[in-house]
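query_7.cif follows (mmCIF, N, CA and C atoms):
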```
data_structure
loop_
_atom_site.label_atom_id
_atom_site.label_comp_id
_atom_site.auth_asym_id
_atom_site.auth_seq_id
_atom_site.Cartn_x
_atom_site.Cartn_y
_atom_site.Cartn_z
N MET A 5 22.33 -19.94 -6.17
CA MET A 5 23.64 -19.43 -5.81
C MET A 5 24.61 -19.68 -6.93
N THR A 6 25.57 -18.81 -7.06
CA THR A 6 26.57 -18.98 -8.11
C THR A 6 27.68 -19.88 -7.61
N ASP A 7 28.36 -20.51 -8.52
CA ASP A 7 29.48 -21.36 -8.15
C ASP A 7 30.67 -20.49 -7.79
N THR A 8 31.43 -20.95 -6.81
CA THR A 8 32.63 -20.24 -6.39
C THR A 8 33.77 -20.64 -7.31
N PRO A 9 34.47 -19.69 -7.93
CA PRO A 9 35.60 -20.03 -8.78
C PRO A 9 36.69 -20.73 -7.98
N PRO A 10 37.46 -21.62 -8.60
CA PRO A 10 38.54 -22.30 -7.88
C PRO A 10 39.52 -21.29 -7.30
N GLY A 11 39.90 -21.51 -6.06
CA GLY A 11 40.86 -20.65 -5.39
C GLY A 11 40.25 -19.41 -4.77
N ALA A 12 38.98 -19.16 -5.00
CA ALA A 12 38.33 -17.97 -4.43
C ALA A 12 37.97 -18.24 -2.98
N SER A 13 37.95 -17.21 -2.19
CA SER A 13 37.61 -17.33 -0.78
C SER A 13 36.11 -17.55 -0.61
N THR A 14 35.74 -18.42 0.32
CA THR A 14 34.33 -18.63 0.64
C THR A 14 33.97 -17.87 1.90
N ARG A 15 34.88 -17.03 2.38
CA ARG A 15 34.65 -16.26 3.60
C ARG A 15 33.42 -15.37 3.41
N GLY A 16 32.55 -15.38 4.41
CA GLY A 16 31.38 -14.53 4.38
C GLY A 16 30.25 -15.07 3.53
N ARG A 17 30.38 -16.29 3.05
CA ARG A 17 29.33 -16.87 2.21
C ARG A 17 28.23 -17.44 3.11
N ILE A 18 27.01 -17.06 2.83
CA ILE A 18 25.86 -17.55 3.58
C ILE A 18 24.95 -18.28 2.62
N ASP A 19 24.44 -19.41 3.04
CA ASP A 19 23.52 -20.17 2.21
C ASP A 19 22.12 -19.58 2.40
N TYR A 20 21.78 -18.60 1.56
CA TYR A 20 20.50 -17.91 1.69
C TYR A 20 19.33 -18.82 1.34
N ILE A 21 19.54 -19.77 0.46
CA ILE A 21 18.47 -20.70 0.11
C ILE A 21 18.11 -21.54 1.34
N ALA A 22 19.12 -22.02 2.04
CA ALA A 22 18.86 -22.80 3.26
C ALA A 22 18.17 -21.94 4.31
N GLU A 23 18.59 -20.69 4.42
CA GLU A 23 17.95 -19.79 5.40
C GLU A 23 16.50 -19.53 5.02
N GLU A 24 16.24 -19.37 3.73
CA GLU A 24 14.87 -19.15 3.28
C GLU A 24 13.97 -20.35 3.58
N ASN A 25 14.55 -21.53 3.60
CA ASN A 25 13.79 -22.74 3.89
C ASN A 25 13.77 -23.10 5.37
N SER A 26 14.43 -22.31 6.19
CA SER A 26 14.49 -22.60 7.63
C SER A 26 13.13 -22.36 8.28
N PRO A 27 12.85 -23.06 9.37
CA PRO A 27 11.56 -22.89 10.06
C PRO A 27 11.31 -21.46 10.54
N ARG A 28 12.34 -20.79 11.01
CA ARG A 28 12.12 -19.43 11.54
C ARG A 28 11.80 -18.44 10.43
N PHE A 29 12.41 -18.61 9.24
CA PHE A 29 12.09 -17.72 8.13
C PHE A 29 10.70 -18.02 7.58
N ARG A 30 10.35 -19.31 7.52
CA ARG A 30 9.00 -19.67 7.07
C ARG A 30 7.96 -19.12 8.03
N GLU A 31 8.26 -19.14 9.33
CA GLU A 31 7.35 -18.58 10.33
C GLU A 31 7.20 -17.07 10.14
N LEU A 32 8.29 -16.38 9.84
CA LEU A 32 8.24 -14.94 9.57
C LEU A 32 7.34 -14.67 8.36
N LYS A 33 7.51 -15.43 7.29
CA LYS A 33 6.67 -15.25 6.11
C LYS A 33 5.21 -15.56 6.42
N ARG A 34 4.97 -16.62 7.19
CA ARG A 34 3.60 -16.99 7.55
C ARG A 34 2.95 -15.89 8.39
N THR A 35 3.68 -15.34 9.33
CA THR A 35 3.16 -14.26 10.17
C THR A 35 2.81 -13.04 9.31
N HIS A 36 3.69 -12.69 8.40
CA HIS A 36 3.46 -11.55 7.51
C HIS A 36 2.23 -11.79 6.64
N ARG A 37 2.18 -12.94 6.01
CA ARG A 37 1.07 -13.23 5.10
C ARG A 37 -0.26 -13.35 5.83
N SER A 38 -0.25 -13.87 7.04
CA SER A 38 -1.51 -14.02 7.77
C SER A 38 -2.12 -12.67 8.13
N PHE A 39 -1.31 -11.64 8.14
CA PHE A 39 -1.81 -10.30 8.39
C PHE A 39 -2.14 -9.58 7.09
N VAL A 40 -1.24 -9.64 6.14
CA VAL A 40 -1.36 -8.83 4.92
C VAL A 40 -2.45 -9.34 3.99
N PHE A 41 -2.53 -10.63 3.75
CA PHE A 41 -3.49 -11.13 2.77
C PHE A 41 -4.95 -10.88 3.17
N PRO A 42 -5.36 -11.22 4.39
CA PRO A 42 -6.76 -10.93 4.74
C PRO A 42 -7.08 -9.44 4.74
N LEU A 43 -6.16 -8.63 5.22
CA LEU A 43 -6.40 -7.19 5.24
C LEU A 43 -6.46 -6.61 3.83
N SER A 44 -5.62 -7.11 2.94
CA SER A 44 -5.66 -6.67 1.54
C SER A 44 -6.99 -7.07 0.90
N ALA A 45 -7.43 -8.29 1.16
CA ALA A 45 -8.71 -8.75 0.61
C ALA A 45 -9.85 -7.88 1.13
N PHE A 46 -9.84 -7.60 2.43
CA PHE A 46 -10.86 -6.74 3.01
C PHE A 46 -10.88 -5.38 2.33
N PHE A 47 -9.70 -4.77 2.19
CA PHE A 47 -9.66 -3.43 1.61
C PHE A 47 -10.10 -3.43 0.16
N LEU A 48 -9.71 -4.44 -0.62
CA LEU A 48 -10.13 -4.50 -2.02
C LEU A 48 -11.64 -4.65 -2.13
N VAL A 49 -12.23 -5.49 -1.29
CA VAL A 49 -13.70 -5.63 -1.30
C VAL A 49 -14.34 -4.29 -0.94
N TRP A 50 -13.86 -3.66 0.09
CA TRP A 50 -14.37 -2.36 0.54
C TRP A 50 -14.26 -1.32 -0.58
N TYR A 51 -13.12 -1.31 -1.28
CA TYR A 51 -12.92 -0.36 -2.36
C TYR A 51 -13.88 -0.64 -3.52
N PHE A 52 -13.99 -1.91 -3.92
CA PHE A 52 -14.86 -2.23 -5.06
C PHE A 52 -16.34 -2.04 -4.73
N VAL A 53 -16.71 -2.24 -3.48
CA VAL A 53 -18.09 -1.94 -3.09
C VAL A 53 -18.36 -0.45 -3.30
N TYR A 54 -17.41 0.38 -2.92
CA TYR A 54 -17.56 1.83 -3.12
C TYR A 54 -17.69 2.16 -4.61
N VAL A 55 -16.82 1.58 -5.43
CA VAL A 55 -16.86 1.85 -6.86
C VAL A 55 -18.18 1.37 -7.47
N LEU A 56 -18.61 0.17 -7.09
CA LEU A 56 -19.87 -0.35 -7.62
C LEU A 56 -21.07 0.48 -7.17
N LEU A 57 -21.06 0.89 -5.91
CA LEU A 57 -22.14 1.76 -5.43
C LEU A 57 -22.16 3.08 -6.20
N ALA A 58 -20.98 3.63 -6.43
CA ALA A 58 -20.90 4.89 -7.16
C ALA A 58 -21.41 4.73 -8.59
N GLY A 59 -21.20 3.56 -9.16
CA GLY A 59 -21.61 3.36 -10.53
C GLY A 59 -23.06 2.93 -10.70
N PHE A 60 -23.55 2.14 -9.74
CA PHE A 60 -24.87 1.52 -9.93
C PHE A 60 -25.93 1.91 -8.89
N ALA A 61 -25.53 2.59 -7.84
CA ALA A 61 -26.50 2.98 -6.81
C ALA A 61 -26.43 4.49 -6.60
N LYS A 62 -26.60 5.20 -7.69
CA LYS A 62 -26.45 6.66 -7.63
C LYS A 62 -27.46 7.31 -6.70
N ASP A 63 -28.67 6.78 -6.65
CA ASP A 63 -29.68 7.36 -5.75
C ASP A 63 -29.26 7.21 -4.29
N PHE A 64 -28.74 6.04 -3.97
CA PHE A 64 -28.27 5.81 -2.59
C PHE A 64 -27.09 6.71 -2.26
N MET A 65 -26.12 6.77 -3.18
CA MET A 65 -24.91 7.55 -2.91
C MET A 65 -25.18 9.05 -2.86
N SER A 66 -26.23 9.50 -3.52
CA SER A 66 -26.51 10.94 -3.54
C SER A 66 -27.44 11.39 -2.43
N GLN A 67 -27.83 10.47 -1.56
CA GLN A 67 -28.71 10.84 -0.45
C GLN A 67 -27.99 11.79 0.49
N PRO A 68 -28.59 12.94 0.77
CA PRO A 68 -27.95 13.89 1.69
C PRO A 68 -27.95 13.37 3.12
N VAL A 69 -26.84 13.64 3.81
CA VAL A 69 -26.72 13.26 5.22
C VAL A 69 -26.82 14.51 6.09
N ILE A 70 -25.95 15.47 5.81
CA ILE A 70 -25.95 16.76 6.52
C ILE A 70 -25.67 17.84 5.48
N GLY A 71 -26.64 18.66 5.21
CA GLY A 71 -26.45 19.73 4.23
C GLY A 71 -26.10 19.18 2.86
N ASP A 72 -24.96 19.62 2.32
CA ASP A 72 -24.50 19.16 1.01
C ASP A 72 -23.67 17.89 1.08
N ILE A 73 -23.46 17.36 2.26
CA ILE A 73 -22.67 16.14 2.42
C ILE A 73 -23.58 14.94 2.20
N ASN A 74 -23.20 14.08 1.24
CA ASN A 74 -24.03 12.92 0.94
C ASN A 74 -23.33 11.61 1.31
N VAL A 75 -24.03 10.52 1.14
CA VAL A 75 -23.50 9.20 1.50
C VAL A 75 -22.23 8.89 0.71
N GLY A 76 -22.22 9.20 -0.58
CA GLY A 76 -21.05 8.93 -1.42
C GLY A 76 -19.81 9.64 -0.92
N LEU A 77 -19.97 10.88 -0.51
CA LEU A 77 -18.83 11.63 0.01
C LEU A 77 -18.31 11.01 1.31
N LEU A 78 -19.21 10.61 2.18
CA LEU A 78 -18.80 9.99 3.44
C LEU A 78 -18.08 8.66 3.21
N ILE A 79 -18.61 7.86 2.29
CA ILE A 79 -17.95 6.58 2.00
C ILE A 79 -16.59 6.83 1.33
N GLY A 80 -16.52 7.82 0.44
CA GLY A 80 -15.25 8.17 -0.18
C GLY A 80 -14.22 8.62 0.83
N LEU A 81 -14.63 9.47 1.76
CA LEU A 81 -13.72 9.89 2.83
C LEU A 81 -13.35 8.70 3.73
N GLY A 82 -14.30 7.79 3.88
CA GLY A 82 -14.03 6.57 4.65
C GLY A 82 -12.92 5.74 4.02
N GLN A 83 -12.78 5.80 2.70
CA GLN A 83 -11.69 5.10 2.03
C GLN A 83 -10.34 5.65 2.51
N PHE A 84 -10.22 6.96 2.62
CA PHE A 84 -8.98 7.55 3.10
C PHE A 84 -8.72 7.18 4.56
N VAL A 85 -9.76 7.27 5.37
CA VAL A 85 -9.61 6.92 6.79
C VAL A 85 -9.18 5.46 6.93
N THR A 86 -9.81 4.59 6.15
CA THR A 86 -9.45 3.18 6.19
C THR A 86 -8.00 2.96 5.77
N THR A 87 -7.57 3.65 4.74
CA THR A 87 -6.19 3.51 4.27
C THR A 87 -5.21 3.91 5.36
N PHE A 88 -5.44 5.04 6.00
CA PHE A 88 -4.55 5.47 7.08
C PHE A 88 -4.62 4.51 8.26
N GLY A 89 -5.82 4.04 8.58
CA GLY A 89 -5.97 3.08 9.68
C GLY A 89 -5.22 1.79 9.43
N ILE A 90 -5.35 1.27 8.22
CA ILE A 90 -4.64 0.03 7.87
C ILE A 90 -3.13 0.25 7.92
N THR A 91 -2.69 1.40 7.44
CA THR A 91 -1.26 1.70 7.47
C THR A 91 -0.75 1.74 8.90
N LEU A 92 -1.46 2.44 9.77
CA LEU A 92 -1.04 2.51 11.18
C LEU A 92 -1.06 1.13 11.84
N TRP A 93 -2.08 0.35 11.53
CA TRP A 93 -2.19 -1.00 12.08
C TRP A 93 -1.02 -1.87 11.60
N TYR A 94 -0.68 -1.78 10.30
CA TYR A 94 0.42 -2.57 9.78
C TYR A 94 1.75 -2.15 10.41
N VAL A 95 1.99 -0.86 10.55
CA VAL A 95 3.23 -0.39 11.16
C VAL A 95 3.35 -0.93 12.58
N SER A 96 2.27 -0.88 13.34
CA SER A 96 2.28 -1.42 14.70
C SER A 96 2.53 -2.93 14.68
N PHE A 97 1.87 -3.63 13.78
CA PHE A 97 2.05 -5.08 13.66
C PHE A 97 3.50 -5.41 13.30
N ALA A 98 4.04 -4.69 12.33
CA ALA A 98 5.41 -4.95 11.90
C ALA A 98 6.40 -4.66 13.04
N ASN A 99 6.19 -3.56 13.73
CA ASN A 99 7.10 -3.23 14.84
C ASN A 99 7.07 -4.27 15.94
N ASN A 100 5.89 -4.81 16.23
CA ASN A 100 5.75 -5.74 17.36
C ASN A 100 5.96 -7.20 17.00
N LYS A 101 5.62 -7.59 15.79
CA LYS A 101 5.66 -9.01 15.43
C LYS A 101 6.75 -9.35 14.41
N LEU A 102 6.89 -8.55 13.38
CA LEU A 102 7.81 -8.90 12.29
C LEU A 102 9.24 -8.45 12.57
N ASP A 103 9.41 -7.23 13.04
CA ASP A 103 10.75 -6.70 13.24
C ASP A 103 11.59 -7.50 14.22
N PRO A 104 11.04 -7.94 15.37
CA PRO A 104 11.88 -8.75 16.27
C PRO A 104 12.34 -10.06 15.63
N LYS A 105 11.46 -10.70 14.87
CA LYS A 105 11.84 -11.95 14.21
C LYS A 105 12.87 -11.71 13.12
N SER A 106 12.66 -10.68 12.32
CA SER A 106 13.62 -10.40 11.24
C SER A 106 14.95 -9.91 11.80
N ALA A 107 14.93 -9.18 12.91
CA ALA A 107 16.18 -8.73 13.53
C ALA A 107 16.98 -9.91 14.05
N ALA A 108 16.30 -10.90 14.61
CA ALA A 108 17.00 -12.10 15.09
C ALA A 108 17.63 -12.86 13.93
N ILE A 109 16.90 -12.99 12.84
CA ILE A 109 17.45 -13.67 11.66
C ILE A 109 18.65 -12.90 11.13
N ARG A 110 18.51 -11.59 11.00
CA ARG A 110 19.61 -10.76 10.49
C ARG A 110 20.84 -10.86 11.39
N GLU A 111 20.63 -10.80 12.69
CA GLU A 111 21.75 -10.88 13.62
C GLU A 111 22.48 -12.22 13.50
N ASP A 112 21.71 -13.30 13.40
CA ASP A 112 22.32 -14.62 13.24
C ASP A 112 23.12 -14.72 11.94
N LEU A 113 22.57 -14.16 10.87
CA LEU A 113 23.29 -14.20 9.60
C LEU A 113 24.55 -13.35 9.64
N GLU A 114 24.47 -12.20 10.30
CA GLU A 114 25.66 -11.36 10.42
C GLU A 114 26.73 -12.06 11.25
N ASN A 115 26.32 -12.73 12.33
CA ASN A 115 27.28 -13.49 13.14
C ASN A 115 27.88 -14.63 12.35
N GLN A 116 27.04 -15.30 11.58
CA GLN A 116 27.53 -16.40 10.74
C GLN A 116 28.52 -15.88 9.72
N GLU A 117 28.26 -14.74 9.14
CA GLU A 117 29.18 -14.16 8.16
C GLU A 117 30.49 -13.74 8.81
N ALA A 118 30.42 -13.22 10.02
CA ALA A 118 31.63 -12.78 10.71
C ALA A 118 32.51 -13.96 11.10
N ARG A 119 31.90 -15.10 11.42
CA ARG A 119 32.65 -16.29 11.81
C ARG A 119 33.28 -16.98 10.60
N ALA A 120 32.70 -16.79 9.44
CA ALA A 120 33.17 -17.54 8.26
C ALA A 120 34.53 -17.09 7.81
#
```
Can I see the file as structure tokens?
Amino acid sequence: MTDTPPGASTRGRIDYIAEENSPRFRELKRTHRSFVFPLSAFFLVWYFVYVLLAGFAKDFMSQPVIGDINVGLLIGLGQFVTTFGITLWYVSFANNKLDPKSAAIREDLENQEARA
């Protein structure tokens, strides 16, 4: 935080460092990270498996499944499906778990600012 010049008003000043260290904000970060980090790790592994298969298992990836559709194409399309699925899952998670907590923090800070 910056120092307040002498004679300047401190009205509306919020100690954001203290808020960042508060238990409720740490809980919000923990909730977010407990969802995002494992899901990100899963997706990166899934993506790199696809890339490695495409590079080193060409016979497997070129196996036909239905007509001209092969395993590589299905796994590649699965990447898109997975991306959309993860996005929808995260939006639902954020709406149900993160947004209520962050809204409560924001409301308290706005009230604190209004009282100052």
- [ ] Please give the complete set of residues from chain A that DSSP, run on the backbone, assigns to helix (DSSP H, G or I), formatted as a ChimeraX atom specification.
- [x] /A:20-24,27-60,62-65,75-119
Open item on the list: Quick check, in Å to one decimal: how far apart do atom N of Trp50 in chain A and atom C of Asp103 in chain A lie?
Closed with: 29.4 Å
Draw an axis-aligned box over all listed atoms of range 22-31 of chain A, pad each side with 6 Å, and write its centre and edge lengths in Å, one decimal, as AutoDock Vina command-line options.
```
--center_x 13.2 --center_y -20.1 --center_z 6.8 --size_x 23.9 --size_y 18.0 --size_z 21.5
```
Open item on the list: If the PyMOL selection byres (((chain A and resi 82-98 and name CA) around 10) and name CA) were run on this exact file, what residues would it hold? Put them as a PyMOL selection string.
Closed with: chain A and resi 35-36+39-40+43-44+47+50-51+54+76-81+99-106
- [ ] Please give the complete set of residues from chain A that DSSP, run on the backbone, assigns to strand (DSSP E), formatted as a list in words.
- [x]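 DSSP-assigned strand (DSSP E) residues in chain A: Pro68, Val69, Ile70, Ile73 and Asn74 of chain A.
We find atom N of Gln67 in chain A and atom C of Val55 in chain A to be spaced 14.5 Å apart.
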- [ ] Work out how far apart CA of Glu31 in chain A and CA of Arg110 in chain A are and give it in Å to one decimal.
- [x]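 Distance between the two atoms: 14.5 Å.
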Have range 27-38 of chain A completed to N, CA, C and O atoms, please, and pass it along as an mmCIF file, in the frame of the given file.
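Result went into selection15.cif, see below:
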```
data_model
loop_
_atom_site.group_PDB
_atom_site.id
_atom_site.type_symbol
_atom_site.label_atom_id
_atom_site.label_comp_id
_atom_site.auth_asym_id
_atom_site.auth_seq_id
_atom_site.Cartn_x
_atom_site.Cartn_y
_atom_site.Cartn_z
ATOM 1 N N PRO A 27 12.850 -23.060 9.370
ATOM 2 C CA PRO A 27 11.560 -22.890 10.060
ATOM 3 C C PRO A 27 11.310 -21.460 10.540
ATOM 4 O O PRO A 27 10.194 -20.959 10.451
ATOM 5 N N ARG A 28 12.340 -20.790 11.010
ATOM 6 C CA ARG A 28 12.120 -19.430 11.540
ATOM 7 C C ARG A 28 11.800 -18.440 10.430
ATOM 8 O O ARG A 28 11.015 -17.516 10.618
ATOM 9 N N PHE A 29 12.410 -18.610 9.240
ATOM 10 C CA PHE A 29 12.090 -17.720 8.130
ATOM 11 C C PHE A 29 10.700 -18.020 7.580
ATOM 12 O O PHE A 29 9.942 -17.110 7.248
ATOM 13 N N ARG A 30 10.350 -19.310 7.520
ATOM 14 C CA ARG A 30 9.000 -19.670 7.070
ATOM 15 C C ARG A 30 7.960 -19.120 8.030
ATOM 16 O O ARG A 30 6.898 -18.680 7.625
ATOM 17 N N GLU A 31 8.260 -19.140 9.330
ATOM 18 C CA GLU A 31 7.350 -18.580 10.330
ATOM 19 C C GLU A 31 7.200 -17.070 10.140
ATOM 20 O O GLU A 31 6.099 -16.528 10.264
ATOM 21 N N LEU A 32 8.290 -16.380 9.840
ATOM 22 C CA LEU A 32 8.240 -14.940 9.570
ATOM 23 C C LEU A 32 7.340 -14.670 8.360
ATOM 24 O O LEU A 32 6.481 -13.782 8.413
ATOM 25 N N LYS A 33 7.510 -15.430 7.290
ATOM 26 C CA LYS A 33 6.670 -15.250 6.110
ATOM 27 C C LYS A 33 5.210 -15.560 6.420
ATOM 28 O O LYS A 33 4.319 -14.850 5.976
ATOM 29 N N ARG A 34 4.970 -16.620 7.190
ATOM 30 C CA ARG A 34 3.600 -16.990 7.550
ATOM 31 C C ARG A 34 2.950 -15.890 8.390
ATOM 32 O O ARG A 34 1.789 -15.538 8.179
ATOM 33 N N THR A 35 3.680 -15.340 9.330
ATOM 34 C CA THR A 35 3.160 -14.260 10.170
ATOM 35 C C THR A 35 2.810 -13.040 9.310
ATOM 36 O O THR A 35 1.743 -12.442 9.470
ATOM 37 N N HIS A 36 3.690 -12.690 8.400
ATOM 38 C CA HIS A 36 3.460 -11.550 7.510
ATOM 39 C C HIS A 36 2.230 -11.790 6.640
ATOM 40 O O HIS A 36 1.350 -10.942 6.550
ATOM 41 N N ARG A 37 2.180 -12.940 6.010
ATOM 42 C CA ARG A 37 1.070 -13.230 5.100
ATOM 43 C C ARG A 37 -0.260 -13.350 5.830
ATOM 44 O O ARG A 37 -1.298 -12.956 5.276
ATOM 45 N N SER A 38 -0.250 -13.870 7.040
ATOM 46 C CA SER A 38 -1.510 -14.020 7.770
ATOM 47 C C SER A 38 -2.120 -12.670 8.130
ATOM 48 O O SER A 38 -3.307 -12.572 8.390
#
```
